[in-house]
Every structure is written in structure tokens, then in C-alpha cells.
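Structure file coords32.txt; described as compact mmCIF, C-alpha atoms.
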# COMPACT_ATOMS: atom_id res chain seq x y z
CA MET A 1 -5.16 17.70 4.97
CA ARG A 2 -7.78 16.93 7.62
CA VAL A 3 -10.09 19.80 6.63
CA PRO A 4 -10.38 19.05 2.88
CA LEU A 5 -10.64 15.32 3.55
CA ALA A 6 -13.38 15.89 6.12
CA ARG A 7 -15.29 17.99 3.58
CA ILE A 8 -14.94 15.30 0.93
CA VAL A 9 -16.26 12.66 3.35
CA ALA A 10 -19.16 14.87 4.48
CA ASN A 11 -20.20 15.69 0.92
CA ALA A 12 -19.90 12.09 -0.20
CA ASP A 13 -22.01 10.94 2.76
CA SER A 14 -24.61 13.56 1.86
CA ILE A 15 -24.79 12.34 -1.73
CA ASN A 16 -24.98 8.70 -0.62
CA ALA A 17 -27.80 9.54 1.82
CA GLN A 18 -29.52 11.56 -0.95
CA ALA A 19 -29.96 14.38 1.55
CA ASP A 20 -30.44 16.96 -1.20
CA GLY A 21 -32.69 14.85 -3.36
CA PRO A 22 -32.64 11.52 -5.22
CA VAL A 23 -29.61 10.54 -7.28
CA GLN A 24 -28.92 7.66 -9.62
CA GLY A 25 -28.24 4.43 -7.72
CA ASP A 26 -24.73 3.83 -9.00
CA TYR A 27 -23.80 7.44 -8.19
CA ALA A 28 -24.89 6.87 -4.60
CA ASP A 29 -22.70 3.77 -4.49
CA TYR A 30 -19.75 5.74 -5.89
CA ALA A 31 -20.28 8.35 -3.17
CA ALA A 32 -20.20 5.63 -0.51
CA ASP A 33 -16.87 4.38 -1.90
CA ILE A 34 -15.48 7.94 -1.86
CA ALA A 35 -16.58 8.42 1.76
CA SER A 36 -15.00 5.11 2.80
CA ALA A 37 -11.71 5.97 1.06
CA GLY A 38 -11.77 9.44 2.62
CA ARG A 39 -12.18 7.99 6.11
CA HIS A 40 -9.28 5.64 5.48
CA LEU A 41 -7.09 8.58 4.45
CA LEU A 42 -8.18 10.53 7.53
CA GLU A 43 -7.16 7.61 9.73
CA LEU A 44 -3.80 7.47 7.97
CA VAL A 45 -3.23 11.20 8.53
CA ASP A 46 -4.11 10.85 12.21
CA ASP A 47 -1.76 7.87 12.56
CA LEU A 48 1.11 9.76 10.89
CA VAL A 49 0.58 12.71 13.24
CA ASP A 50 0.63 10.32 16.22
CA LEU A 51 3.68 8.54 14.81
CA GLN A 52 5.59 11.80 14.62
CA ALA A 53 4.58 12.60 18.21
CA VAL A 54 5.43 9.27 19.86
CA GLU A 55 8.82 9.06 18.18
CA ARG A 56 9.99 12.44 19.45
CA PRO A 57 12.78 12.05 22.04
CA ASP A 58 10.92 14.38 24.42
CA PHE A 59 7.52 12.69 24.05
CA SER A 60 5.87 12.12 27.41
CA LEU A 61 2.43 11.82 28.96
CA VAL A 62 1.36 13.18 32.32
CA PRO A 63 -0.42 10.44 34.29
CA GLU A 64 -3.73 11.27 35.92
CA PRO A 65 -6.22 9.21 37.91
CA ILE A 66 -8.61 7.35 35.59
CA ASP A 67 -11.12 4.53 35.92
CA LEU A 68 -9.83 1.92 33.49
CA ALA A 69 -13.14 0.05 33.55
CA ASP A 70 -14.98 3.22 32.53
CA VAL A 71 -12.55 3.84 29.65
CA ALA A 72 -12.99 0.22 28.53
CA ARG A 73 -16.78 0.60 28.52
CA ARG A 74 -16.51 3.82 26.50
CA ALA A 75 -14.22 2.17 23.92
CA ALA A 76 -16.63 -0.75 23.54
CA GLY A 77 -19.53 1.68 23.17
CA LEU A 78 -17.79 3.60 20.41
CA LEU A 79 -17.38 0.37 18.43
CA SER A 80 -20.88 -1.00 19.09
CA VAL A 81 -22.35 0.07 15.74
CA ARG A 82 -19.41 -1.31 13.77
CA ALA A 83 -19.66 -4.56 15.73
CA ALA A 84 -23.40 -4.85 15.10
CA ASN A 85 -22.87 -4.31 11.37
CA ALA A 86 -20.25 -7.08 11.42
CA GLY A 87 -22.49 -9.46 13.38
CA VAL A 88 -20.14 -9.37 16.37
CA THR A 89 -21.11 -8.91 20.03
CA ILE A 90 -18.92 -6.92 22.43
CA THR A 91 -19.08 -7.86 26.11
CA ARG A 92 -17.84 -5.02 28.30
CA PRO A 93 -17.18 -4.60 32.03
CA ALA A 94 -20.28 -4.22 34.22
CA LEU A 95 -21.29 -0.70 35.20
CA ASP A 96 -20.49 -1.28 38.88
CA VAL A 97 -16.89 -2.33 38.20
CA ARG A 98 -14.22 0.27 39.01
CA VAL A 99 -10.49 -0.16 38.33
CA PRO A 100 -8.48 2.91 39.42
CA ALA A 101 -5.37 3.45 37.31
CA LEU A 102 -2.89 6.14 36.30
CA GLY A 103 -2.77 7.20 32.67
CA ASP A 104 -3.77 9.76 30.06
CA PHE A 105 -7.53 9.36 29.54
CA ARG A 106 -7.56 10.33 25.85
CA ARG A 107 -4.59 8.13 24.97
CA VAL A 108 -5.88 5.12 26.91
CA LEU A 109 -9.19 5.47 25.09
CA GLN A 110 -7.29 5.67 21.79
CA VAL A 111 -5.40 2.45 22.57
CA LEU A 112 -8.54 0.57 23.58
CA VAL A 113 -10.53 1.74 20.55
CA ASN A 114 -7.70 0.40 18.40
CA LEU A 115 -7.69 -2.96 20.21
CA VAL A 116 -11.47 -3.41 20.21
CA GLY A 117 -11.68 -2.25 16.59
CA ASN A 118 -9.07 -4.81 15.55
CA ALA A 119 -10.87 -7.55 17.50
CA VAL A 120 -14.14 -6.74 15.73
CA ARG A 121 -12.45 -6.56 12.33
CA TYR A 122 -10.87 -10.00 12.62
CA SER A 123 -13.79 -11.78 14.32
CA PRO A 124 -16.15 -13.99 12.28
CA ARG A 125 -19.87 -13.22 12.22
CA GLY A 126 -21.63 -14.46 15.32
CA ALA A 127 -18.47 -14.23 17.42
CA GLN A 128 -17.98 -12.38 20.68
CA VAL A 129 -15.30 -9.87 21.68
CA ILE A 130 -14.80 -9.87 25.44
CA VAL A 131 -13.33 -6.85 27.26
CA THR A 132 -12.36 -7.50 30.89
CA VAL A 133 -10.58 -5.44 33.54
CA THR A 134 -8.71 -6.53 36.67
CA ARG A 135 -6.35 -5.04 39.20
CA THR A 136 -3.34 -6.29 41.13
CA GLN A 137 -1.54 -4.49 43.93
CA THR A 138 0.60 -2.59 41.42
CA HIS A 139 -1.16 -2.67 38.07
CA ALA A 140 -4.51 -2.18 36.35
CA VAL A 141 -5.10 -4.53 33.44
CA VAL A 142 -7.59 -4.61 30.56
CA VAL A 143 -7.81 -7.60 28.22
CA VAL A 144 -9.45 -7.53 24.78
CA ALA A 145 -10.09 -11.11 23.66
CA ASP A 146 -11.44 -12.28 20.33
CA LYS A 147 -12.17 -15.57 18.57
CA GLY A 148 -10.45 -14.70 15.30
CA LYS A 149 -7.85 -16.78 13.52
CA GLY A 150 -5.13 -15.78 16.00
CA VAL A 151 -1.53 -14.69 15.61
CA ALA A 152 1.30 -17.19 15.09
CA PRO A 153 4.19 -17.01 17.60
CA GLU A 154 6.62 -15.83 14.92
CA ASP A 155 4.33 -12.89 14.11
CA GLN A 156 3.68 -11.71 17.66
CA VAL A 157 6.73 -9.45 17.72
CA ARG A 158 6.30 -8.24 14.17
CA ILE A 159 2.73 -6.94 14.62
CA PHE A 160 4.02 -4.26 17.02
CA GLU A 161 6.49 -2.91 14.46
CA LYS A 162 5.86 -0.01 12.07
CA PHE A 163 3.87 -0.73 8.89
CA GLU A 164 3.70 -4.46 9.69
CA ARG A 165 0.60 -6.57 9.12
CA VAL A 166 0.34 -10.36 9.39
CA ASP A 167 -1.60 -10.67 6.13
CA PRO A 168 -1.41 -7.56 3.90
CA SER A 169 -3.99 -9.11 1.56
CA GLU A 170 -6.69 -8.78 4.22
CA ALA A 171 -8.74 -5.63 4.64
CA GLY A 172 -7.39 -3.68 7.57
CA GLY A 173 -5.37 -0.74 8.77
CA ASN A 174 -2.02 0.63 7.74
CA GLY A 175 0.22 -1.27 10.14
CA LEU A 176 0.70 1.65 12.53
CA GLY A 177 -2.06 1.13 15.09
CA LEU A 178 -0.41 -1.46 17.32
CA TYR A 179 3.00 0.21 17.05
CA ILE A 180 1.55 3.53 18.23
CA ALA A 181 -0.59 1.81 20.89
CA ARG A 182 2.42 0.10 22.47
CA ARG A 183 4.47 3.32 22.39
CA LEU A 184 1.60 5.11 24.14
CA ALA A 185 1.25 2.36 26.75
CA ARG A 186 4.95 2.47 27.55
CA ALA A 187 4.91 6.27 27.70
CA MET A 188 2.37 5.85 30.52
CA GLN A 189 4.71 3.40 32.30
CA GLY A 190 2.61 0.47 31.16
CA ASP A 191 2.80 -2.07 28.35
CA LEU A 192 0.82 -3.76 25.60
CA THR A 193 1.30 -7.46 24.88
CA VAL A 194 -0.47 -10.26 23.02
CA GLU A 195 -1.26 -13.86 23.89
CA SER A 196 -2.37 -15.95 20.94
CA ALA A 197 -2.10 -19.12 18.92
CA PRO A 198 -3.29 -19.90 15.38
CA GLY A 199 -6.96 -20.80 15.33
CA GLU A 200 -7.50 -19.83 18.97
CA GLY A 201 -8.11 -16.08 18.74
CA ALA A 202 -6.01 -13.42 20.45
CA ARG A 203 -5.86 -11.68 23.84
CA PHE A 204 -4.35 -8.20 23.81
CA VAL A 205 -3.33 -7.12 27.31
CA LEU A 206 -2.95 -3.44 28.23
CA THR A 207 -1.25 -2.87 31.58
CA LEU A 208 -1.09 0.48 33.39
CA PRO A 209 0.10 1.51 36.84
CA ALA A 210 -2.61 1.14 39.47
CA ASP A 211 -3.66 4.26 41.34
CA PRO A 212 -2.59 3.56 44.94
CA ALA A 213 -4.68 6.44 46.25
CA ARG A 214 -7.90 4.92 44.96
CA HIS A 215 -7.53 1.22 45.73
CA GLN A 216 -10.91 -0.48 45.65
CA ASP A 217 -12.05 -4.07 45.80
CA GLN A 218 -13.20 -5.41 42.47
CA ARG A 219 -16.53 -7.17 42.16

This structure in C-alpha cells:
Amino acid sequence: MRVPLARIVANADSINAQADGPVQGDYADYAADIASAGRHLLELVDDLVDLQAVERPDFSLVPEPIDLADVARRAAGLLSVRAANAGVTITRPALDVRVPALGDFRRVLQVLVNLVGNAVRYSPRGAQVIVTVTRTQTHAVVVVADKGKGVAPEDQVRIFEKFERVDPSEAGGNGLGLYIARRLARAMQGDLTVESAPGEGARFVLTLPADPARHQDQR
């Protein structure tokens, strides 16, 4: 399904951009809608593939040394255009910050892109999403904090379950992102939790094992 969907999105983007010549205005708008719907379907396909993987009894990830601060900066960078379009600012860890951890680079990046993307989606215009990293003796921690409407205590367990969303009437994902993210975190011997209250935003906390071989003081 990925290949035909990708072609549909690419062709629709081309029509919307009028790359092959001018088209009627409403047709360009229709093409933009098709491209947006195609991307949503691609995300759903990717999530279903991940869902099948993380729920296998033999699913595992091989930990490797990573710099959690570097992964956090990369995730924030990937969402910078979306944030700018939404009128949201992302504050990321400084370039000289290093937080050695153990995890799967690609999967950690996937988790953080999901968290930062959610924070941007639910933040009001003019708000700030703050990504911070710290380290204890045993763990590396990254926090993604937003100033959205927050998550009520009774919903804080439910949002990590399959196909669950706090408010299905709002524009958003398919209810799989946080479920998959927590499964990935735990497969790396870490965890993903939330700290929030209604009207006070949310802090999503990703914890991974620290890399004892690369202990460094944090600035």
C-alpha cells in the first residue's frame, strides 16, 4: 500500500504546486486535500506495521550507545516547519549538551518525533514546546513539555492504550502513536509517562538506561 499511496501523494502535490503548468484554483485545492488524506493514510499504514511488530512475543531491540540530546535536537528539527506553520516555537537542547544513553537510534527518534508532533498539534498559536534532557546515575531522560489544554488524571492511563484519544472530535492521529511509543520505550528497558493537569499543559517523559561507559557531566 505504501507505493501507490506515495505516488498519489506525489502526484497530488505536483498538481497543487502547478509544477506542470497552471490549473484551476479549486482543482489545486482538491489536490491539496488529496495529498493531505494520502499522508494520513500513509501514517496509518506505518502505525499498523509498527503495531504488528511491537505486539509480537519475540519483539526486541538491541541497545546501542546514543546521544539522547542529539536525538532530541533532530526530532525538534524535523518538526520545525510544522511548528512554524502552527505559530509554535520549539526550544531544544543546546548544541553542547550531551546525554549518553542506551537505545535504538531510529526507534528513539520515532518516539520523540511522535511526542514533539503531538505537543505542536495541541499547542495554541504563540505557545512554546520545550524539549529538555537530563541524566541521573542510572537513566537518561528527555521531557517534551507543552502549554496545551492538558490531560485529565482519568485520561492519563487511557491515552497509552490502542486506538484511544481524549477527544476524538479534535483533529489528530489514529490513537496508536502513544501506545506504540510506550511499547518501544519499554522494549529498550525504559518507559514513557505523562505528567499533566487540565489547563496546565502536559509533560511527556521518556526514560532510557544511561550509558555507563560514556558518563559525562551535563552543562

(request) Calculate how many Å separate atom CA of Pro4 of chain A from atom CA of Ala53 of chain A, rounding to one decimal. (result) 22.4 Å

(request) Select, counting all atoms listed in the file, all protein, DNA and RNA residues no farther than 7 Å from (-7.4, -17.5, 13.1) in file coordinates, and express the selection as number ranges by chain. (result) A: 148-151, 198-201

(message) To one decimal place in Å, what is the distance between atom CA of Leu115 of chain A and atom CA of Glu64 of chain A?
(response) 21.6 Å

(request) Rounded to one decimal place, report the atom CA of Asp146 of chain A-atom CA of Ala83 of chain A distance in Å. (result) 12.2 Å

Put a box with edges along x, y and z around all the listed atoms of segment 9-25 of chain A, pad it by 4 Å on each side, then give me its centre and sizes in Å, one decimal, as lines of an AutoDock Vina configuration file.
center_x = -24.5
center_y = 10.7
center_z = -2.6
size_x = 24.4
size_y = 20.5
size_z = 22.1

(message) Please list as number ranges by chain every residue within 9 Å of Gln137 of chain A, counting all atoms listed in the file and excluding residues in the same chain fewer than 2 positions away.
(response) A: 135, 139-140, 210, 212, 215

Can you write out the residues you just picked, keeping C-alpha atoms, as a compact mmCIF listing (two decimals), in the frame of the given file?
# COMPACT_ATOMS: atom_id res chain seq x y z
CA ARG A 135 -6.35 -5.04 39.20
CA HIS A 139 -1.16 -2.67 38.07
CA ALA A 140 -4.51 -2.18 36.35
CA ALA A 210 -2.61 1.14 39.47
CA PRO A 212 -2.59 3.56 44.94
CA HIS A 215 -7.53 1.22 45.73

(request) May I have the protein, DNA and RNA residues with any atom at most 12 Å from the point (-23.9, 10.7, -2.2), counting all atoms listed in the file, written as an MDAnalysis selection string? (result) chainID A and resid 8:36

(message) I need the residue nearest Val142 of chain A from this list: A:Leu61, A:Ile130, A:Leu78, A:Val120. Use only C-alpha atoms for the distance.
(response) A:Ile130

(request) May I ask which of the residues A:Val205, A:Ala6, A:Phe59, A:Lys147 is the closest one to Ala37 of chain A, counting all atoms listed in the file? (result) A:Ala6

(message) Let me make sure I understand: among A:Val88, A:Ala185, A:Ala213, A:Val3, which one has the smallest atom-to-atom distance to Asp104 of chain A if we use only C-alpha atoms?
(response) A:Ala185

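Residue nearest Val129 of chain A within the list A:Leu208, A:Val99, A:Ala181, A:Ile90: A:Ile90 [criterion: smallest interatomic distance, all atoms listed in the file].
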
(message) I need the residue nearest Thr193 of chain A from this list: A:Arg7, A:Arg158, A:Arg214, A:Arg107. Use only C-alpha atoms for the distance.
(response) A:Arg158

List the spatial neighbours of Glu55 of chain A as an mmCIF file with C-alpha atoms, in the coordinates of the input - criterion: any atom at most 12 Å away, only C-alpha atoms, same-chain residues fewer than 2 positions off excluded.
data_model
loop_
_atom_site.group_PDB
_atom_site.id
_atom_site.type_symbol
_atom_site.label_atom_id
_atom_site.label_comp_id
_atom_site.auth_asym_id
_atom_site.auth_seq_id
_atom_site.Cartn_x
_atom_site.Cartn_y
_atom_site.Cartn_z
ATOM 1 C CA LEU A 48 1.110 9.760 10.890
ATOM 2 C CA VAL A 49 0.580 12.710 13.240
ATOM 3 C CA ASP A 50 0.630 10.320 16.220
ATOM 4 C CA LEU A 51 3.680 8.540 14.810
ATOM 5 C CA GLN A 52 5.590 11.800 14.620
ATOM 6 C CA ALA A 53 4.580 12.600 18.210
ATOM 7 C CA PRO A 57 12.780 12.050 22.040
ATOM 8 C CA ASP A 58 10.920 14.380 24.420
ATOM 9 C CA PHE A 59 7.520 12.690 24.050
ATOM 10 C CA SER A 60 5.870 12.120 27.410
ATOM 11 C CA LYS A 162 5.860 -0.010 12.070
ATOM 12 C CA TYR A 179 3.000 0.210 17.050
ATOM 13 C CA ILE A 180 1.550 3.530 18.230
ATOM 14 C CA ARG A 182 2.420 0.100 22.470
ATOM 15 C CA ARG A 183 4.470 3.320 22.390
ATOM 16 C CA LEU A 184 1.600 5.110 24.140
ATOM 17 C CA ALA A 187 4.910 6.270 27.700
#

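Nearest residue to Val143 of chain A, choosing from A:Pro93, A:Gly87, A:Pro63, A:Gly38 and counting all atoms listed in the file: A:Pro93.
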